[in-house]
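A.B. asks: my_file37.txt (compact mmCIF, C-alpha atoms) pasted underneath:
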# COMPACT_ATOMS: atom_id res chain seq x y z
CA MET A 627 7.96 -6.23 20.02
CA ASN A 628 5.53 -3.44 20.87
CA ALA A 629 1.84 -3.74 20.02
CA HIS A 630 -0.33 -0.67 19.45
CA HIS A 631 -4.09 -1.19 19.85
CA ARG A 632 -7.15 0.96 19.38
CA PRO A 633 -8.96 1.59 22.70
CA ASP A 634 -11.94 -0.63 21.86
CA ALA A 635 -11.91 -4.32 22.78
CA ALA A 636 -11.89 -5.57 19.19
CA PRO A 637 -9.71 -3.30 17.02
CA ALA A 638 -10.22 -3.32 13.27
CA LEU A 639 -6.47 -3.05 12.79
CA ARG A 640 -3.48 -4.35 14.74
CA ARG A 641 -0.06 -2.74 14.74
CA GLU A 642 3.08 -4.58 15.79
CA ASP A 643 6.58 -3.08 15.65
CA ALA A 644 9.85 -4.97 15.52
CA ASP A 645 13.32 -4.10 14.20
CA GLY A 646 12.20 -0.93 12.43
CA ILE A 647 9.23 -2.61 10.71
CA ALA A 648 5.61 -1.77 11.50
CA THR A 649 3.22 -4.59 10.59
CA LEU A 650 -0.40 -3.51 10.18
CA THR A 651 -2.90 -6.38 10.16
CA LEU A 652 -6.51 -6.01 9.01
CA ASP A 653 -8.39 -7.84 11.77
CA ARG A 654 -12.02 -8.29 10.75
CA PRO A 655 -11.76 -11.82 9.29
CA GLN A 656 -15.37 -12.68 10.16
CA SER A 657 -16.57 -9.98 7.74
CA ARG A 658 -13.78 -10.45 5.15
CA ASN A 659 -11.72 -7.46 6.32
CA PRO A 660 -13.83 -4.82 4.51
CA LEU A 661 -12.78 -1.21 4.12
CA SER A 662 -15.57 -0.15 6.44
CA GLU A 663 -15.79 3.22 8.17
CA ALA A 664 -13.93 1.74 11.16
CA MET A 665 -11.22 0.12 9.03
CA LEU A 666 -10.62 3.25 6.96
CA ALA A 667 -10.35 5.33 10.13
CA ALA A 668 -7.97 2.84 11.71
CA LEU A 669 -5.74 2.70 8.63
CA ALA A 670 -5.71 6.50 8.29
CA ASP A 671 -4.81 6.92 11.97
CA ALA A 672 -2.06 4.29 11.80
CA LEU A 673 -0.51 5.76 8.65
CA THR A 674 -0.57 9.24 10.15
CA ALA A 675 1.22 7.99 13.27
CA ILE A 676 3.79 5.98 11.29
CA GLY A 677 4.56 8.92 9.00
CA THR A 678 6.17 10.83 11.86
CA ASP A 679 7.63 7.81 13.68
CA ARG A 680 11.38 7.86 13.05
CA THR A 681 11.77 4.36 14.49
CA VAL A 682 9.77 2.88 11.58
CA LYS A 683 11.78 2.23 8.43
CA ALA A 684 9.25 0.10 6.50
CA VAL A 685 5.63 -1.03 6.76
CA VAL A 686 4.03 -4.40 6.03
CA LEU A 687 0.28 -4.60 5.44
CA ALA A 688 -1.25 -8.02 6.15
CA ALA A 689 -4.63 -9.49 7.06
CA GLU A 690 -6.19 -12.14 9.29
CA GLY A 691 -8.28 -14.92 7.83
CA PRO A 692 -8.83 -16.40 4.38
CA VAL A 693 -9.65 -13.05 2.74
CA PHE A 694 -7.11 -10.24 2.54
CA CYS A 695 -9.73 -7.56 1.91
CA ALA A 696 -13.14 -7.73 0.24
CA GLY A 697 -13.28 -4.02 -0.54
CA HIS A 698 -15.96 -1.62 0.63
CA ASP A 699 -18.58 -2.74 3.14
CA LEU A 700 -21.53 -2.90 0.74
CA LYS A 701 -24.05 -3.52 3.54
CA GLU A 702 -22.83 -0.42 5.34
CA MET A 703 -23.06 1.58 2.13
CA SER A 704 -26.44 0.20 1.04
CA ALA A 705 -28.00 1.21 4.35
CA HIS A 706 -27.68 4.82 3.24
CA ARG A 707 -29.92 4.35 0.20
CA ALA A 708 -32.72 5.25 2.60
CA ASP A 709 -31.21 8.72 3.13
CA PRO A 710 -33.14 11.67 1.65
CA ASP A 711 -30.50 12.01 -1.11
CA ARG A 712 -30.46 8.21 -1.71
CA GLY A 713 -27.00 8.07 -0.18
CA ARG A 714 -25.21 10.52 -2.50
CA ALA A 715 -23.51 12.50 0.28
CA TYR A 716 -22.52 9.35 2.16
CA PHE A 717 -21.14 7.64 -0.93
CA ALA A 718 -19.09 10.73 -1.80
CA ASP A 719 -17.77 10.92 1.75
CA ILE A 720 -16.79 7.26 2.13
CA LEU A 721 -15.19 7.09 -1.32
CA GLY A 722 -13.31 10.31 -0.61
CA ARG A 723 -12.05 8.91 2.69
CA CYS A 724 -10.95 5.71 0.97
CA SER A 725 -9.13 7.62 -1.78
CA ALA A 726 -7.43 9.82 0.81
CA MET A 727 -6.19 6.75 2.71
CA MET A 728 -4.81 5.20 -0.50
CA GLN A 729 -2.95 8.44 -1.19
CA GLN A 730 -1.57 8.37 2.36
CA ILE A 731 0.21 5.13 1.45
CA THR A 732 1.83 6.79 -1.56
CA ALA A 733 2.77 9.88 0.46
CA LEU A 734 4.12 7.92 3.44
CA PRO A 735 7.91 8.39 3.81
CA GLN A 736 8.37 4.67 4.47
CA PRO A 737 7.78 2.02 1.79
CA VAL A 738 4.64 -0.10 2.31
CA ILE A 739 4.62 -3.79 1.34
CA ALA A 740 1.38 -5.76 1.02
CA ALA A 741 1.48 -9.40 2.17
CA VAL A 742 -1.52 -11.05 0.52
CA GLU A 743 -3.00 -14.45 1.31
CA GLY A 744 -6.48 -15.38 0.06
CA THR A 745 -8.49 -12.96 -2.06
CA ALA A 746 -8.18 -9.21 -2.57
CA THR A 747 -11.22 -7.87 -4.38
CA ALA A 748 -12.51 -4.47 -5.54
CA ALA A 749 -11.12 -1.79 -3.17
CA GLY A 750 -9.12 -4.58 -1.53
CA CYS A 751 -7.33 -5.07 -4.84
CA GLN A 752 -6.95 -1.29 -4.98
CA LEU A 753 -5.29 -1.43 -1.56
CA VAL A 754 -2.71 -3.93 -2.84
CA ALA A 755 -2.08 -1.85 -5.96
CA SER A 756 -1.62 1.27 -3.83
CA CYS A 757 1.19 -0.30 -1.80
CA ASP A 758 4.74 0.27 -3.01
CA LEU A 759 5.50 -3.46 -3.18
CA ALA A 760 3.36 -6.58 -2.87
CA VAL A 761 4.01 -10.24 -2.10
CA ALA A 762 1.31 -12.84 -2.70
CA GLY A 763 0.97 -16.35 -1.37
CA GLU A 764 0.62 -18.79 -4.26
CA ALA A 765 -3.06 -19.36 -3.44
CA ALA A 766 -3.87 -15.62 -3.44
CA ARG A 767 -6.28 -14.24 -6.04
CA PHE A 768 -7.17 -10.75 -7.18
CA CYS A 769 -10.32 -9.33 -8.73
CA THR A 770 -12.21 -6.13 -9.57
CA PRO A 771 -15.71 -7.66 -9.79
CA GLY A 772 -17.84 -4.53 -9.88
CA VAL A 773 -19.10 -5.23 -13.40
CA HIS A 774 -20.94 -8.28 -12.05
CA ILE A 775 -23.18 -6.08 -9.88
CA GLY A 776 -23.56 -3.05 -12.14
CA LEU A 777 -20.84 -1.03 -10.40
CA PHE A 778 -17.66 -0.41 -12.41
CA CYS A 779 -14.57 -0.40 -10.18
CA SER A 780 -13.65 3.17 -11.08
CA THR A 781 -11.64 4.06 -7.98
CA PRO A 782 -9.68 0.77 -7.98
CA MET A 783 -9.01 1.58 -11.65
CA VAL A 784 -6.82 4.53 -10.60
CA ALA A 785 -4.37 2.33 -8.72
CA LEU A 786 -4.54 -0.51 -11.26
CA THR A 787 -3.67 1.74 -14.20
CA ARG A 788 -0.58 2.93 -12.31
CA ASN A 789 0.63 -0.65 -11.88
CA LEU A 790 -0.52 -2.60 -14.93
CA ALA A 791 -0.33 -2.12 -18.67
CA ALA A 792 -3.57 -0.66 -20.02
CA LYS A 793 -4.85 -3.89 -21.55
CA HIS A 794 -4.15 -5.87 -18.39
CA ALA A 795 -5.97 -3.29 -16.26
CA LEU A 796 -8.93 -3.21 -18.61
CA GLU A 797 -9.05 -7.00 -18.69
CA MET A 798 -9.46 -7.06 -14.92
CA LEU A 799 -11.97 -4.21 -14.92
CA LEU A 800 -14.11 -5.38 -17.85
CA LEU A 801 -14.19 -9.12 -17.12
CA GLY A 802 -14.23 -9.06 -13.33
CA GLU A 803 -12.54 -12.47 -13.24
CA MET A 804 -10.29 -13.81 -10.50
CA VAL A 805 -6.60 -13.47 -11.33
CA PRO A 806 -4.31 -16.06 -9.68
CA ALA A 807 -1.14 -14.96 -7.92
CA THR A 808 1.24 -16.12 -10.65
CA GLU A 809 -0.73 -14.20 -13.28
CA ALA A 810 -0.89 -11.14 -11.01
CA ALA A 811 2.90 -11.24 -10.82
CA ARG A 812 3.19 -11.50 -14.61
CA MET A 813 0.85 -8.53 -14.98
CA GLY A 814 2.78 -6.42 -12.48
CA LEU A 815 0.22 -6.25 -9.68
CA VAL A 816 2.54 -8.10 -7.28
CA ASN A 817 6.32 -8.30 -7.16
CA ARG A 818 6.71 -11.94 -6.26
CA VAL A 819 4.84 -15.07 -5.26
CA ALA A 820 5.67 -16.97 -2.08
CA PRO A 821 4.56 -20.46 -1.01
CA ALA A 822 1.04 -20.47 0.43
CA GLY A 823 1.18 -19.01 3.92
CA GLY A 824 4.58 -17.46 3.27
CA ALA A 825 3.63 -14.00 2.01
CA LEU A 826 4.04 -12.29 5.39
CA ALA A 827 7.49 -13.76 6.01
CA GLU A 828 8.67 -12.77 2.54
CA ALA A 829 7.20 -9.27 2.87
CA GLN A 830 8.93 -8.84 6.22
CA ARG A 831 12.20 -10.06 4.68
CA LEU A 832 11.93 -7.39 1.99
CA ALA A 833 11.03 -4.83 4.65
CA ALA A 834 14.15 -5.78 6.64
CA VAL A 835 16.32 -5.20 3.58
CA ILE A 836 14.75 -1.76 3.10
CA ALA A 837 15.09 -1.01 6.83
CA SER A 838 18.85 -1.58 6.56
CA LYS A 839 19.20 1.34 4.12
CA SER A 840 19.44 5.05 4.84
CA PRO A 841 15.94 6.18 5.94
CA ALA A 842 16.54 9.67 4.54
CA THR A 843 17.55 8.27 1.16
CA ILE A 844 14.55 5.93 0.99
CA LYS A 845 12.24 8.84 1.82
CA VAL A 846 13.75 11.05 -0.88
CA GLY A 847 13.68 8.25 -3.44
CA LYS A 848 10.10 7.18 -2.82
CA ARG A 849 8.80 10.73 -3.02
CA ALA A 850 10.75 11.45 -6.21
CA PHE A 851 9.54 8.20 -7.82
CA TYR A 852 5.88 9.14 -7.50
CA GLU A 853 6.47 12.79 -8.42
CA GLN A 854 8.38 12.06 -11.64
CA ARG A 855 5.89 9.38 -12.71
CA GLU A 856 3.22 12.03 -13.25
CA MET A 857 5.51 14.23 -15.40
CA GLY A 858 6.53 14.33 -19.03
CA LEU A 859 9.97 12.94 -19.94
CA LYS A 860 11.97 16.18 -19.87
CA ALA A 861 10.28 17.45 -16.71
CA ALA A 862 10.89 14.08 -15.07
CA TYR A 863 14.61 14.17 -15.87
CA ASP A 864 14.91 17.78 -14.71
CA HIS A 865 13.14 16.95 -11.45
CA ALA A 866 15.13 13.76 -10.85
CA SER A 867 18.40 15.58 -11.52
CA ALA A 868 17.53 18.30 -9.03
CA VAL A 869 16.59 15.68 -6.44
CA MET A 870 19.85 13.82 -7.02
CA VAL A 871 21.93 16.98 -6.56
CA GLU A 872 20.33 17.55 -3.17
CA ASN A 873 20.73 13.87 -2.34
CA MET A 874 24.46 14.00 -3.20
CA LEU A 875 24.87 16.87 -0.74
CA ALA A 876 23.09 15.01 2.06
CA ARG A 877 24.97 13.54 5.00
CA ASP A 878 24.02 9.91 4.30
CA ALA A 879 25.24 10.08 0.68
CA GLU A 880 28.58 11.44 1.87
CA GLU A 881 28.74 8.68 4.49
CA GLY A 882 27.66 5.94 2.08
CA ILE A 883 30.14 6.91 -0.63
CA GLY A 884 32.90 7.29 1.96
CA ALA A 885 32.12 3.87 3.41
CA PHE A 886 32.20 2.31 -0.07
CA VAL A 887 35.59 3.85 -0.84
CA GLU A 888 36.96 2.86 2.58
CA LYS A 889 35.48 -0.65 2.32
CA ARG A 890 33.47 -0.44 5.55
CA ALA A 891 29.80 -0.62 6.56
CA PRO A 892 28.02 2.74 6.46
CA VAL A 893 26.47 4.26 9.56
CA TRP A 894 23.21 5.89 8.60
CA GLU A 895 21.64 8.90 10.26
CA SER A 896 18.59 7.61 12.19
Can you present the structure in this file as C-alpha cells?

C.D. replies:
Amino acid sequence: MNAHHRPDAAPALRREDADGIATLTLDRPQSRNPLSEAMLAALADALTAIGTDRTVKAVVLAAEGPVFCAGHDLKEMSAHRADPDRGRAYFADILGRCSAMMQQITALPQPVIAAVEGTATAAGCQLVASCDLAVAGEAARFCTPGVHIGLFCSTPMVALTRNLAAKHALEMLLLGEMVPATEAARMGLVNRVAPAGGALAEAQRLAAVIASKSPATIKVGKRAFYEQREMGLKAAYDHASAVMVENMLARDAEEGIGAFVEKRAPVWES
C-alpha cells in the first residue's frame, strides 16, 4: 500500500492506494470534515492526479470521525462578511470551486464510491450525491438543513435532483430533516446499507469488483452515462448507439467477447 500525503504536517485529505483502488479519506474530524478552502483544494488536487493515473481503477471516498462531512465551513465563510462587498466575491469563488470539484467527480474516468458513516449534511450530502455509488453504514444520516438558517441548499439541490425523485429531493430541501440510511437507500441517495462501521469495507468490495473490469470500458460507460442523461430520448439513443459502435471496435470488447466464446478469463488492456 502506498500513501500519498500533502506536504504539511496535518493533511486535510489522505490518499491510500491498494490493488487498483485509491481511497481518499477526509481527515479533519475535529472540525467535522468541512469542505473548507483546504479540503476543496486537496480534493481537487487528488482527483486531478487520479484522473491520469492508469494504476487506479476505482476510487473510494471515506472520512475520519463521527461526521462524514458537515458541508461548507460556515465560520470561514462568515469571516468574509466584513469584506467591502459583504463577501459576495468570496462566496462566488468558494461556491464555484466547490461546484467544480463536484463536477470533477462526475468527469473522472474512474467510478467514485462514497463510504458514509455518521452524518453527511448540506454540501456534505451533495458530495455523497455527486459520487457514482454510495454505501452507508446503518447509523449514517443525511440532511440538507439550510432552511433552518435561512440559506436554501441550492447547490446541493443540483446533485440531489439528479439522484432522487423530485418529491424526495424537495422533501429533503424543504424540511431539512435528518434522513436515516435505510430511508436514504429507499430514496436512491445511497445504493446499499452496511452494518455500522462496515461502509468502507463494502465500498472497497464494490470498488474491487469494478477494478476487475476493463478500465477502458468502464471509462467509456461512465462518460456515456452522464452524457446521455442530459439528453432527450432520441438524442440519448443516438449517442449511446454511436458510443456502443466504437466500444464494439475496441480491443477490450474483442478480447472480452473472444474470452466468453472460448470460455476463458479475459485479459484486459491496462

A.B. asks: In terms of the shortest atom-to-atom distance over only C-alpha atoms, which of A:Leu652, A:Ala638, A:Ala740, A:Ile775 is closest to Cys695 in chain A?

C.D. replies: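 Under the stated criterion, the closest residue is A:Leu652.
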
A.B. asks: Once you count all atoms listed in the file, what closest atom pair and distance in Å to one decimal does each residue of range 699-790 of chain A within 10 Å of range 819-832 of chain A have, with rows by chain and rising residue number, as a Markdown table?

C.D. replies:
| residue | atom | partner | partner_atom | distance |
| --- | --- | --- | --- | --- |
| A:Val738 | CA | A:Ala829 | CA | 9.5 |
| A:Ile739 | CA | A:Ala829 | CA | 6.2 |
| A:Ala740 | CA | A:Ala829 | CA | 7.0 |
| A:Ala741 | CA | A:Leu826 | CA | 5.0 |
| A:Val742 | CA | A:Ala825 | CA | 6.1 |
| A:Glu743 | CA | A:Ala825 | CA | 6.7 |
| A:Gly744 | CA | A:Ala822 | CA | 9.1 |
| A:Leu759 | CA | A:Ala829 | CA | 8.6 |
| A:Ala760 | CA | A:Ala829 | CA | 7.4 |
| A:Val761 | CA | A:Ala825 | CA | 5.6 |
| A:Ala762 | CA | A:Val819 | CA | 4.9 |
| A:Gly763 | CA | A:Ala822 | CA | 4.5 |
| A:Glu764 | CA | A:Ala822 | CA | 5.0 |
| A:Ala765 | CA | A:Ala822 | CA | 5.7 |
| A:Ala766 | CA | A:Ala822 | CA | 7.9 |

A.B. asks: Give me the residues within 10 Å of Met813 in chain A as a VMD selection string, counting all atoms listed in the file and dropping any in the same chain fewer than 5 places off.

C.D. replies: chain A and resid 789 to 791 793 to 795 805 807 to 808

A.B. asks: Around the point (-10.9, 5.3, -1.6) (coordinates from the file), which residues reach within 9 Å if we count all atoms listed in the file? Answer as a tab-separated table (two decimals) with C-alpha atoms, in the frame of the given file.

C.D. replies:
chain	number	residue	atom	x	y	z
A	661	LEU	CA	-12.78	-1.21	4.12
A	666	LEU	CA	-10.62	3.25	6.96
A	698	HIS	CA	-15.96	-1.62	0.63
A	720	ILE	CA	-16.79	7.26	2.13
A	721	LEU	CA	-15.19	7.09	-1.32
A	722	GLY	CA	-13.31	10.31	-0.61
A	723	ARG	CA	-12.05	8.91	2.69
A	724	CYS	CA	-10.95	5.71	0.97
A	725	SER	CA	-9.13	7.62	-1.78
A	726	ALA	CA	-7.43	9.82	0.81
A	727	MET	CA	-6.19	6.75	2.71
A	728	MET	CA	-4.81	5.20	-0.50
A	729	GLN	CA	-2.95	8.44	-1.19
A	749	ALA	CA	-11.12	-1.79	-3.17
A	752	GLN	CA	-6.95	-1.29	-4.98
A	753	LEU	CA	-5.29	-1.43	-1.56
A	781	THR	CA	-11.64	4.06	-7.98
A	782	PRO	CA	-9.68	0.77	-7.98

A.B. asks: Residues near Ile647 in chain A, anyone? I mean within 7 Å using only C-alpha atoms, not counting same-chain ones fewer than 2 positions away, as a list in words.

C.D. replies: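 Surrounding residues, per the criterion: Asp643, Ala644, Asp645, Thr649, Val682, Lys683, Ala684, Val685 and Ala833 of chain A.
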
A.B. asks: Could you please take those selected residues and save C-alpha atoms as a PDB file, in the frame of the given file?

C.D. replies:
ATOM      1  CA  ASP A 643       6.580  -3.080  15.650  1.00  0.00           C
ATOM      2  CA  ALA A 644       9.850  -4.970  15.520  1.00  0.00           C
ATOM      3  CA  ASP A 645      13.320  -4.100  14.200  1.00  0.00           C
ATOM      4  CA  THR A 649       3.220  -4.590  10.590  1.00  0.00           C
ATOM      5  CA  VAL A 682       9.770   2.880  11.580  1.00  0.00           C
ATOM      6  CA  LYS A 683      11.780   2.230   8.430  1.00  0.00           C
ATOM      7  CA  ALA A 684       9.250   0.100   6.500  1.00  0.00           C
ATOM      8  CA  VAL A 685       5.630  -1.030   6.760  1.00  0.00           C
ATOM      9  CA  ALA A 833      11.030  -4.830   4.650  1.00  0.00           C
TER      10      ALA A 833
END

A.B. asks: Select, from A:Ala876, A:Ala748, A:Ala785, A:Val835, the residue with the minimum atom-to-atom distance to Phe768 in chain A, counting all atoms listed in the file.

C.D. replies: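 When distances to Phe768 in chain A are compared using all atoms listed in the file, the smallest one comes from A:Ala748.
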
A.B. asks: Hey, which of A:Ala688, A:Leu777, A:Pro737, A:Thr787 ends up closest to Leu700 in chain A? Count all atoms listed in the file.

C.D. replies: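 Nearest to Leu700 in chain A: A:Leu777.
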
A.B. asks: Using all atoms listed in the file, find the one residue out of A:Thr747, A:Ser662, A:Ala672, A:Ala837 that sits nearest to Phe694 in chain A.

C.D. replies: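 Closest candidate: A:Thr747.
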